[in-house]
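data-v9.txt follows; it contains compact mmCIF, C-alpha atoms.
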# COMPACT_ATOMS: atom_id res chain seq x y z
CA MET V 2 108.93 133.39 57.95
CA ALA V 3 108.31 136.82 56.56
CA SER V 4 105.21 137.39 58.61
CA ASN V 5 105.48 139.32 61.84
CA LYS V 6 102.20 137.97 63.09
CA PRO V 7 102.56 136.13 66.37
CA VAL V 8 102.39 132.36 66.18
CA ILE V 9 99.48 130.95 68.17
CA VAL V 10 100.03 127.31 67.43
CA ARG V 11 102.82 125.29 65.89
CA PHE V 12 102.21 121.87 64.39
CA TYR V 13 105.18 119.60 64.09
CA ARG V 14 104.78 116.94 61.42
CA PHE V 15 107.66 114.58 61.06
CA GLN V 16 108.48 111.79 58.73
CA ASN V 17 107.65 108.45 60.36
CA ARG V 18 111.18 107.49 61.28
CA LEU V 19 110.05 104.75 63.62
CA ARG V 20 108.18 102.96 60.87
CA ASP V 21 111.16 103.21 58.55
CA LYS V 22 113.26 101.69 61.27
CA THR V 23 110.99 98.77 62.15
CA ALA V 24 109.03 97.98 59.00
CA GLY V 25 111.83 98.79 56.57
CA LEU V 26 110.66 99.15 53.02
CA ALA V 27 107.99 96.50 53.37
CA PRO V 28 104.93 97.77 51.59
CA GLY V 29 101.47 97.46 53.09
CA ASN V 30 100.60 95.81 56.31
CA VAL V 31 103.23 94.77 58.79
CA SER V 32 102.48 92.76 61.91
CA ILE V 33 104.10 91.28 64.97
CA SER V 34 104.71 87.63 64.29
CA PRO V 35 102.15 85.46 66.09
CA GLU V 36 104.97 83.10 67.10
CA ALA V 37 106.86 85.88 68.87
CA LEU V 38 103.68 86.97 70.58
CA GLU V 39 102.92 83.46 71.72
CA LYS V 40 106.47 82.97 73.00
CA ALA V 41 106.19 86.18 75.00
CA GLU V 42 102.82 85.14 76.45
CA LYS V 43 104.36 81.85 77.53
CA ALA V 44 107.23 83.65 79.20
CA LEU V 45 104.71 85.77 81.09
CA SER V 46 102.91 82.74 82.41
CA LYS V 47 106.26 81.22 83.36
CA MET V 48 107.01 84.37 85.32
CA SER V 49 103.59 84.16 86.92
CA GLU V 50 104.70 80.89 88.44
CA ASP V 51 107.46 82.75 90.27
CA TYR V 52 105.05 85.38 91.47
CA PRO V 53 103.98 83.65 94.74
CA ASP V 54 107.65 83.35 95.79
CA TRP V 55 108.22 86.98 95.06
CA VAL V 56 105.15 88.02 97.05
CA SER V 57 106.25 85.78 99.93
CA GLY V 58 109.49 87.79 100.00
CA LEU V 59 107.51 91.02 100.24
CA ILE V 60 105.26 89.59 102.95
CA VAL V 61 108.39 88.77 104.99
CA LYS V 62 109.47 92.40 104.56
CA LEU V 63 106.03 93.59 105.70
CA GLN V 64 106.29 91.30 108.68
CA GLU V 65 109.64 92.82 109.65
CA GLN V 66 108.16 96.30 109.47
CA HIS V 67 105.17 95.17 111.53
CA GLY V 68 107.54 93.73 114.15
CA ARG V 69 109.37 97.04 114.33
CA CYS V 70 106.06 98.87 114.84
CA VAL V 71 105.26 96.67 117.80
CA ASP V 72 108.73 96.82 119.37
CA SER V 73 109.57 100.46 118.75
CA PRO V 74 106.54 102.76 118.75
CA GLU V 75 108.79 105.74 118.03
CA LEU V 76 109.57 104.26 114.60
CA ARG V 77 105.97 103.74 113.60
CA ASN V 78 105.78 106.56 111.11
CA ASP V 79 108.87 105.34 109.28
CA CYS V 80 107.56 101.79 109.31
CA PHE V 81 104.21 102.86 107.95
CA GLU V 82 105.93 104.66 105.13
CA ALA V 83 107.88 101.49 104.29
CA ILE V 84 104.72 99.37 104.51
CA ASN V 85 102.85 101.81 102.32
CA HIS V 86 105.59 101.57 99.73
CA ILE V 87 105.62 97.76 99.68
CA ALA V 88 101.82 97.69 99.49
CA HIS V 89 101.91 99.94 96.46
CA ASP V 90 104.39 97.62 94.80
CA MET V 91 102.12 94.65 95.44
CA LYS V 92 98.82 96.17 94.45
CA GLY V 93 99.72 96.92 90.86
CA GLN V 94 100.77 93.37 90.12
CA GLY V 95 98.58 90.73 91.70
CA GLY V 96 95.96 90.94 88.97
CA THR V 97 98.55 90.54 86.23
CA PHE V 98 99.66 87.24 87.70
CA GLY V 99 96.30 85.78 88.54
CA TYR V 100 96.12 86.86 92.18
CA PRO V 101 93.54 89.65 92.31
CA LEU V 102 93.03 89.00 96.04
CA ILE V 103 96.60 90.14 96.69
CA THR V 104 95.84 93.30 94.74
CA ASN V 105 92.66 93.88 96.77
CA PHE V 106 94.32 93.33 100.13
CA ALA V 107 97.37 95.36 99.17
CA ASP V 108 95.04 98.13 98.03
CA THR V 109 93.35 98.57 101.42
CA LEU V 110 96.68 98.16 103.20
CA TYR V 111 98.04 100.90 100.98
CA GLY V 112 95.02 103.09 101.68
CA PHE V 113 95.18 103.14 105.45
CA THR V 114 99.00 103.27 105.75
CA ASP V 115 99.07 106.44 103.70
CA THR V 116 99.55 108.61 106.78
CA ARG V 117 101.24 111.93 107.36
CA SER V 118 104.53 111.95 109.20
CA ASP V 119 103.06 113.63 112.29
CA ASP V 120 99.98 111.40 112.55
CA GLU V 121 99.82 109.31 115.66
CA ILE V 122 99.68 105.63 114.77
CA THR V 123 97.60 103.59 117.19
CA ASP V 124 97.91 99.97 118.28
CA ARG V 125 94.69 99.23 116.42
CA GLN V 126 96.21 100.39 113.18
CA ILE V 127 99.15 98.08 113.80
CA GLU V 128 96.70 95.24 114.38
CA LEU V 129 95.02 96.00 111.11
CA VAL V 130 98.38 95.69 109.33
CA LYS V 131 98.67 92.27 110.94
CA SER V 132 95.21 91.24 109.67
CA HIS V 133 96.27 92.18 106.15
CA LEU V 134 99.51 90.25 106.45
CA ASP V 135 97.66 87.16 107.63
CA ALA V 136 95.16 87.38 104.78
CA MET V 137 97.91 87.76 102.18
CA ARG V 138 99.87 84.91 103.65
CA ALA V 139 96.82 82.68 103.49
CA VAL V 140 96.32 83.57 99.82
CA ILE V 141 99.89 82.70 98.92
CA ARG V 142 100.16 79.62 101.11
CA GLY V 143 96.98 78.20 99.63
CA ARG V 144 97.86 79.46 96.11
CA VAL V 145 94.42 81.04 96.07
CA SER V 146 94.36 82.44 92.56
CA GLY V 147 91.50 84.23 90.87
CA GLY V 148 88.56 85.17 93.08
CA GLY V 149 89.52 82.20 95.24
CA GLY V 150 86.08 80.63 95.58
CA GLU V 151 84.91 79.96 99.12
CA ILE V 152 88.36 80.44 100.69
CA GLY V 153 88.79 83.74 98.90
CA LYS V 154 85.37 84.89 99.99
CA SER V 155 85.90 84.00 103.63
CA LEU V 156 89.32 85.70 103.66
CA THR V 157 87.81 88.85 102.20
CA VAL V 158 84.89 88.77 104.64
CA SER V 159 87.09 88.36 107.70
CA LEU V 160 89.48 91.07 106.56
CA ASN V 161 86.56 93.42 105.91
CA LYS V 162 85.31 92.71 109.43
CA ALA V 163 88.67 93.71 110.84
CA ILE V 164 88.57 96.91 108.76
CA GLU V 165 85.02 97.71 109.90
CA ALA V 166 85.92 97.11 113.53
CA PHE V 167 88.83 99.47 113.13
CA GLU V 168 86.74 102.14 111.46
CA SER V 169 83.96 102.01 114.04
CA SER V 170 86.51 102.26 116.86
CA ASN V 171 87.81 105.37 115.15
CA SER V 172 84.54 107.17 114.63
CA MET X 3 102.39 89.90 55.52
CA ALA X 4 105.82 91.00 56.74
CA ASP X 5 106.82 91.10 60.39
CA TYR X 6 108.19 94.10 62.22
CA ASP X 7 111.86 94.01 62.95
CA PHE X 8 112.43 95.69 66.31
CA ASP X 9 116.11 94.82 66.38
CA ARG X 10 117.28 98.40 65.91
CA LEU X 11 114.80 99.81 68.39
CA ASN X 12 116.18 101.55 71.50
CA VAL X 13 113.78 101.55 74.43
CA LEU X 14 114.23 103.18 77.82
CA LEU X 15 112.30 101.36 80.55
CA VAL X 16 111.75 103.21 83.83
CA GLU X 17 110.24 101.03 86.54
CA ASP X 18 110.96 100.78 90.24
CA SER X 19 109.44 97.37 90.85
CA HIS X 20 112.06 94.78 90.14
CA PHE X 21 109.47 92.19 89.27
CA ILE X 22 107.57 94.30 86.75
CA ARG X 23 110.80 95.63 85.30
CA SER X 24 112.14 92.20 84.47
CA LEU X 25 108.73 91.20 83.18
CA ILE X 26 108.52 94.06 80.69
CA LEU X 27 112.18 93.73 79.80
CA ASN X 28 111.72 90.06 78.94
CA SER X 29 108.52 90.72 77.04
CA LEU X 30 110.20 93.37 74.90
CA LYS X 31 113.17 91.12 74.27
CA LEU X 32 110.88 88.29 73.22
CA LEU X 33 109.09 90.62 70.83
CA GLY X 34 112.53 91.17 69.32
CA VAL X 35 113.39 94.63 70.65
CA GLY X 36 117.15 95.02 70.21
CA ASN X 37 118.09 97.39 73.01
CA VAL X 38 116.28 97.94 76.26
CA PHE X 39 117.92 100.22 78.80
CA THR X 40 116.49 100.01 82.31
CA VAL X 41 116.56 102.50 85.17
CA GLU X 42 114.75 102.52 88.50
CA HIS X 43 113.09 105.91 88.74
CA GLY X 44 112.57 109.25 87.04
CA GLY X 45 115.74 110.78 88.46
CA GLU X 46 117.89 108.05 87.00
CA ALA X 47 115.96 108.34 83.75
CA ILE X 48 116.72 112.06 83.48
CA HIS X 49 120.37 111.34 84.17
CA PHE X 50 120.36 108.64 81.51
CA MET X 51 118.72 110.89 78.89
CA LYS X 52 121.25 113.63 79.59
CA ARG X 53 124.01 111.14 78.93
CA VAL X 54 122.35 110.13 75.65
CA LYS X 55 122.71 113.76 74.64
CA GLU X 56 126.20 114.37 76.00
CA GLU X 57 128.07 111.10 75.60
CA PRO X 58 126.15 108.80 73.26
CA MET X 59 129.25 106.83 72.31
CA LYS X 60 129.98 105.98 75.89
CA ILE X 61 126.59 104.52 76.69
CA GLY X 62 126.17 103.06 73.24
CA VAL X 63 122.97 104.73 72.06
CA GLN X 64 122.43 107.77 69.87
CA GLN X 65 118.73 108.14 70.34
CA ILE X 66 115.98 106.59 72.41
CA ASP X 67 113.04 105.62 70.20
CA LEU X 68 110.53 104.94 72.92
CA VAL X 69 110.20 105.58 76.64
CA ILE X 70 108.11 103.23 78.79
CA SER X 71 107.81 104.58 82.31
CA ASN X 72 105.94 103.76 85.46
CA TRP X 73 103.99 106.68 86.95
CA ASP X 74 104.31 106.22 90.69
CA MET X 75 107.98 106.04 91.69
CA HIS X 76 110.24 107.58 94.29
CA PRO X 77 111.86 110.06 94.50
CA VAL X 78 111.13 111.28 90.96
CA ASP X 79 107.89 109.96 89.46
CA GLY X 80 106.87 109.34 85.88
CA MET X 81 104.99 112.63 85.51
CA MET X 82 108.02 114.66 86.54
CA PHE X 83 110.12 112.71 84.08
CA LEU X 84 107.55 113.26 81.32
CA ARG X 85 107.50 116.97 82.09
CA TRP X 86 111.29 117.06 81.83
CA ILE X 87 111.27 115.15 78.52
CA ARG X 88 108.67 117.45 76.95
CA ARG X 89 109.74 120.80 78.37
CA HIS X 90 113.29 120.91 79.62
CA LYS X 91 116.00 122.50 77.56
CA ASP X 92 118.38 119.64 78.35
CA SER X 93 115.95 117.03 77.01
CA PRO X 94 117.61 115.30 74.05
CA ASP X 95 114.31 114.64 72.28
CA ARG X 96 111.14 116.47 73.26
CA PHE X 97 109.15 114.46 70.74
CA VAL X 98 110.04 110.95 71.87
CA PRO X 99 107.01 108.63 72.25
CA PHE X 100 106.28 108.22 75.95
CA VAL X 101 104.12 105.41 77.33
CA MET X 102 103.08 105.72 80.96
CA ILE X 103 102.40 102.54 82.92
CA THR X 104 99.92 103.01 85.70
CA SER X 105 97.29 101.46 87.86
CA TYR X 106 95.69 104.90 88.14
CA THR X 107 93.12 104.81 85.40
CA GLU X 108 90.63 107.31 86.80
CA PRO X 109 89.68 109.78 84.05
CA HIS X 110 91.23 112.77 85.82
CA ARG X 111 94.58 111.00 86.11
CA VAL X 112 94.52 109.98 82.46
CA MET X 113 93.66 113.58 81.59
CA GLU X 114 96.53 114.86 83.71
CA ALA X 115 99.01 112.66 81.83
CA ARG X 116 97.52 113.68 78.50
CA GLU X 117 97.85 117.36 79.32
CA MET X 118 101.50 116.76 80.14
CA GLY X 119 102.04 115.27 76.69
CA VAL X 120 101.93 111.53 77.22
CA THR X 121 101.74 109.48 74.02
CA ASP X 122 99.87 106.53 75.45
CA ILE X 123 98.93 104.88 78.72
CA LEU X 124 99.44 101.23 79.58
CA ALA X 125 97.07 100.25 82.37
CA LYS X 126 98.04 97.69 84.97
CA PRO X 127 97.41 94.81 84.95
CA PHE X 128 98.54 94.36 81.37
CA THR X 129 99.18 91.48 78.98
CA ILE X 130 101.87 90.99 76.35
CA SER X 131 99.24 91.74 73.71
CA ASN X 132 98.57 95.10 75.35
CA ILE X 133 102.27 95.97 75.10
CA ALA X 134 102.40 94.79 71.48
CA GLU X 135 99.30 96.84 70.61
CA LYS X 136 100.85 100.00 72.04
CA LEU X 137 104.02 99.41 70.04
CA VAL X 138 102.10 99.00 66.81
CA ALA X 139 99.92 102.05 67.48
CA ILE X 140 102.98 104.21 68.11
CA ILE X 141 104.63 103.03 64.91
CA GLU X 142 101.60 103.08 62.65
CA ARG X 143 99.63 106.01 63.95
CA PRO X 144 102.02 108.74 65.06
CA ARG X 145 100.33 112.03 65.85
CA GLN X 146 101.51 115.50 64.99
CA PHE X 147 102.88 117.52 67.90
CA VAL X 148 101.01 120.60 68.96
CA HIS X 149 102.68 123.57 70.61
CA THR X 150 100.59 126.37 72.07
CA ALA X 151 101.00 128.69 75.03
CA GLU X 152 99.40 126.10 77.30
CA PHE X 153 100.32 122.79 75.73
CA PHE X 154 103.14 120.87 74.18
CA GLY X 155 102.67 117.25 73.21
CA PRO X 156 101.11 114.81 70.78
CA ASP X 157 97.82 116.01 69.33
CA ARG X 158 95.13 115.21 71.87
CA ARG X 159 92.67 114.52 69.08
CA ARG X 160 93.56 111.03 68.01
CA ARG X 161 90.94 110.09 65.53
CA LYS X 162 89.90 111.76 62.36
CA THR X 163 86.26 111.15 63.10
CA GLU X 164 83.46 113.20 61.75
CA PHE X 165 82.21 115.57 64.37
CA ARG X 166 78.59 115.17 65.23
CA ASP X 167 78.99 118.31 67.22
CA VAL X 168 80.29 121.63 65.96
CA ASP X 169 84.04 121.50 65.35
CA ARG X 170 85.33 123.94 67.91
CA ARG X 171 88.80 124.16 66.43
CA VAL X 172 89.12 127.74 65.33
CA LEU X 173 92.36 127.40 63.44
CA ASN X 174 93.30 125.35 60.43
CA ASP X 175 96.57 124.94 58.53
CA LYS X 176 95.98 128.10 56.53
CA SER X 177 94.99 130.34 59.41
CA GLU X 178 97.09 133.23 60.46
CA GLY X 179 99.09 132.38 63.54
CA VAL X 180 99.52 128.75 62.54
CA GLU X 181 102.99 127.57 61.75
CA ILE X 182 103.68 124.12 60.39
CA ILE X 183 107.07 122.58 60.87
CA ARG X 184 107.98 119.49 58.91
CA GLY X 185 110.92 117.27 59.36
The structure in this file should be written as structure tokens.
Amino acid sequence: MASNKPVIVRFYRFQNRLRDKTAGLAPGNVSISPEALEKAEKALSKMSEDYPDWVSGLIVKLQEQHGRCVDSPELRNDCFEAINHIAHDMKGQGGTFGYPLITNFADTLYGFTDTRSDDEITDRQIELVKSHLDAMRAVIRGRVSGGGGEIGKSLTVSLNKAIEAFESSNS
Amino acid sequence: MADYDFDRLNVLLVEDSHFIRSLILNSLKLLGVGNVFTVEHGGEAIHFMKRVKEEPMKIGVQQIDLVISNWDMHPVDGMMFLRWIRRHKDSPDRFVPFVMITSYTEPHRVMEAREMGVTDILAKPFTISNIAEKLVAIIERPRQFVHTAEFFGPDRRRRKTEFRDVDRRVLNDKSEGVEIIRG
């Protein structure tokens, strides 16, 4: 570069190494084989079958944390952090495996357990954790997938009532 | 029509949820991806990438072709890892395609990732087809990298559409102050 003018923008344009590596010298259009795609989709639905067991494991963990909250109030902040973490793990996945209700319930659980370390955690908050646990357990026990029809609706309604009661007691 | 052969592809998968990790791992394997390395959070990912640079023979990979990383992880999240990849002097490849997996799809979050130089975003919940589409897009439609005082990453203008509005780009390839690096 002979010019002393300052460079304002640099554009980097590279040879498409990734295409060379995956499409080789094949001219024209390249695709992912439909068979491979179908096989992968099948594997995903197979994994979805394991999903309720996996969630049950997480619900047990939530239950342990809830028990600790009740027994040892001084540990509540730590427990809430753990619960918040598990809830986050759950909320991103329910929809993928056909259990959007788990995602919804995990989402509100995640929302109200996102507390600061010096916040005081009340008994009512602990109760609300319990309501969420019960709702999730009911979803998994009944294998309530999708919107869940009437059962799903009534679970959502009763959980929302618990949330409202909590919020009005707080305001 | 020929099929892609992903057998020589090296992918780094960064995901803290065991369930999602094995799901994506299996999906990639079934699509034929040859090597998938998995780590649990951004800190481990940085450590892994450093080793790719320093002792490739030992870990058995010379170069990572694609990073797929979750956003929200502890203690080091996907954004911090992306920042390291794009900006840190120890990064072995500042241009590596980087796909962020996230359930945060609010526009400001997507924008935040874009400004940090993300290549693409995979929204949760996703399907195998979504993963396959991202792979194909990265292979078939790579974008030039742009480096300015404020930004380093894949060109944020993806499409070569005709502008209905005035094209606000002041510089073109021939402008003074523009340097083009080919490789």
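Residues having any atom no farther than 12 Å from (107.9, 111.5, 59.1) (counting all atoms listed in the file) are V:Tyr13, V:Arg14, V:Phe15, V:Gln16, V:Asn17, V:Arg18, V:Leu19, V:Arg20, V:Asp21, V:Lys22, X:Ile141, X:Glu142, X:Arg143, X:Pro144, X:Arg145, X:Gln146, X:Phe147, X:Ile183, X:Arg184, X:Gly185.
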Residue list for chain V near chain X as a list in words, 6 Å, all atoms listed in the file: Pro7, Val8, Ile9, Val10, Arg11, Phe12, Tyr13, Arg14, Phe15, Leu19, Arg20, Thr23, Ala24, Val31, Ser32, Ile33, Ser34, Ala37, Ala41, Glu42, Gly93, Gly96 and Thr97 of chain V
Just write the chosen residues, C-alpha atoms, as a compact mmCIF listing (two decimals), keeping the file's coordinate frame.
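Output below, filename part39.txt:
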# COMPACT_ATOMS: atom_id res chain seq x y z
CA PRO V 7 102.56 136.13 66.37
CA VAL V 8 102.39 132.36 66.18
CA ILE V 9 99.48 130.95 68.17
CA VAL V 10 100.03 127.31 67.43
CA ARG V 11 102.82 125.29 65.89
CA PHE V 12 102.21 121.87 64.39
CA TYR V 13 105.18 119.60 64.09
CA ARG V 14 104.78 116.94 61.42
CA PHE V 15 107.66 114.58 61.06
CA LEU V 19 110.05 104.75 63.62
CA ARG V 20 108.18 102.96 60.87
CA THR V 23 110.99 98.77 62.15
CA ALA V 24 109.03 97.98 59.00
CA VAL V 31 103.23 94.77 58.79
CA SER V 32 102.48 92.76 61.91
CA ILE V 33 104.10 91.28 64.97
CA SER V 34 104.71 87.63 64.29
CA ALA V 37 106.86 85.88 68.87
CA ALA V 41 106.19 86.18 75.00
CA GLU V 42 102.82 85.14 76.45
CA GLY V 93 99.72 96.92 90.86
CA GLY V 96 95.96 90.94 88.97
CA THR V 97 98.55 90.54 86.23
Among listed residues V:Ala136, V:Ile122, V:Leu129, V:Ile141, nearest Lys154 (chain V) (using only C-alpha atoms): V:Ala136
As JSON: centre and edge lengths in Å, one decimal, of the axis-aligned box holding region 119-133 of chain X with 4 Å per side:
{"center_x": 99.7, "center_y": 103.1, "center_z": 79.3, "size_x": 13.2, "size_y": 32.3, "size_z": 19.3}
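Atom to atom, CA of Val101 (chain X) and CA of Trp73 (chain X) stand 9.7 Å apart.
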Between CA of His43 (chain X) and CA of Glu56 (chain X) - distance in Å to one decimal: 20.1 Å
